[in-house]
Amino acid sequence: TPEGKEIVVARVRPGSVVGEMANYTSGARTAKISVTEPTTLIRIKMDQFDMLEAEHPDIAATFHRLMAQVLARRLARTTGLLRDLGV
């Protein structure tokens, strides 16, 4: 919050994707990630991804399709929550 209070907005499971929106929008991150147990993360920097797109466009296209599916599921969930709240 603006006052510095942390609010849990989601709990993610193994295999989850986080931080992708800021990469796709080139915008600021909208949340901070904290872990509650030992965790292994894979970070894909956009300059590395640009190289992947140039050298292996088929792999990059598959990645983008998977990200579109992740974002579509999240949007559907959010839309459902808003509908349930009467918004």
# chains A, B, ... in the order shown; residues from 1 in each chain; ligands from 1

call {"tool": "residues_around", "arguments": {"residues": "Thr39 of chain A", "least_positions_apart": "5", "cutoff": "12 Å", "atoms": "only C-alpha atoms", "output": "short mmCIF file (atom, residue, chain, number, x, y, z; two decimals) with N, CA and C atoms, in the first residue's frame"}}
result
data_model
loop_
_atom_site.label_atom_id
_atom_site.label_comp_id
_atom_site.auth_asym_id
_atom_site.auth_seq_id
_atom_site.Cartn_x
_atom_site.Cartn_y
_atom_site.Cartn_z
N VAL A 12 1.35 -18.36 -5.37
CA VAL A 12 1.64 -19.10 -6.60
C VAL A 12 2.19 -20.47 -6.27
N ARG A 13 2.02 -21.35 -7.18
CA ARG A 13 2.45 -22.75 -7.02
C ARG A 13 3.66 -23.01 -7.90
N PRO A 14 4.32 -24.12 -7.66
CA PRO A 14 5.46 -24.47 -8.54
C PRO A 14 5.04 -24.45 -10.00
N GLY A 15 5.91 -23.92 -10.82
CA GLY A 15 5.64 -23.83 -12.25
C GLY A 15 4.91 -22.57 -12.67
N SER A 16 4.59 -21.71 -11.71
CA SER A 16 3.86 -20.47 -12.03
C SER A 16 4.77 -19.46 -12.71
N ILE A 33 7.39 -9.88 -5.11
CA ILE A 33 7.31 -11.30 -4.82
C ILE A 33 8.09 -11.60 -3.55
N SER A 34 7.48 -12.34 -2.65
CA SER A 34 8.16 -12.84 -1.45
C SER A 34 7.98 -14.34 -1.40
#

call {"tool": "residues_around", "arguments": {"residues": "Arg43 of chain A", "least_positions_apart": "2", "cutoff": "12 Å", "atoms": "only C-alpha atoms", "output": "PyMOL selection string"}}
result
chain A and resi 17-20+23+40-41+45-49

call {"tool": "write_last_selection", "arguments": {"atoms": "C-alpha atoms", "output": "PDB file, in the first residue's frame"}}
result
ATOM      1  CA  VAL A  17       4.847 -17.478 -14.111  1.00  0.00           C
ATOM      2  CA  VAL A  18       5.339 -14.133 -12.385  1.00  0.00           C
ATOM      3  CA  GLY A  19       6.573 -10.744 -13.561  1.00  0.00           C
ATOM      4  CA  GLU A  20       5.616 -11.188 -17.192  1.00  0.00           C
ATOM      5  CA  ASN A  23       8.083  -7.296 -19.555  1.00  0.00           C
ATOM      6  CA  THR A  40      14.192 -21.923  -7.296  1.00  0.00           C
ATOM      7  CA  LEU A  41      13.418 -19.260  -9.868  1.00  0.00           C
ATOM      8  CA  LYS A  45      15.821 -11.057 -19.098  1.00  0.00           C
ATOM      9  CA  MET A  46      14.264  -9.347 -22.086  1.00  0.00           C
ATOM     10  CA  ASP A  47      17.602  -8.856 -23.859  1.00  0.00           C
ATOM     11  CA  GLN A  48      18.139 -12.609 -23.606  1.00  0.00           C
ATOM     12  CA  PHE A  49      14.637 -13.158 -24.909  1.00  0.00           C
TER      13      PHE A  49
END

call {"tool": "closest_residue", "arguments": {"among": "A:Ala54, A:Leu82, A:Leu71, A:Ala10", "to": "Ala31 of chain A", "atoms": "only C-alpha atoms"}}
result
A:Ala10

call {"tool": "atom_distance", "arguments": {"atom1": "atom CA of Thr30 of chain A", "atom2": "atom CA of Thr1 of chain A"}}
result
11.1 Å

call {"tool": "select_by_dssp", "arguments": {"residues": "chain A", "states": "alpha helix (DSSP H)", "output": "PyMOL selection string"}}
result
chain A and resi 20-25+46-55+57-84

call {"tool": "atom_distance", "arguments": {"atom1": "atom CA of His64 of chain A", "atom2": "atom CA of Val8 of chain A"}}
result
27.3 Å

call {"tool": "closest_residue", "arguments": {"among": "A:Ile59, A:Val70, A:Arg11, A:Arg77", "to": "Val35 of chain A", "atoms": "only C-alpha atoms"}}
result
A:Arg11

call {"tool": "atom_distance", "arguments": {"atom1": "atom CA of Val87 of chain A", "atom2": "atom CA of Glu6 of chain A"}}
result
24.8 Å
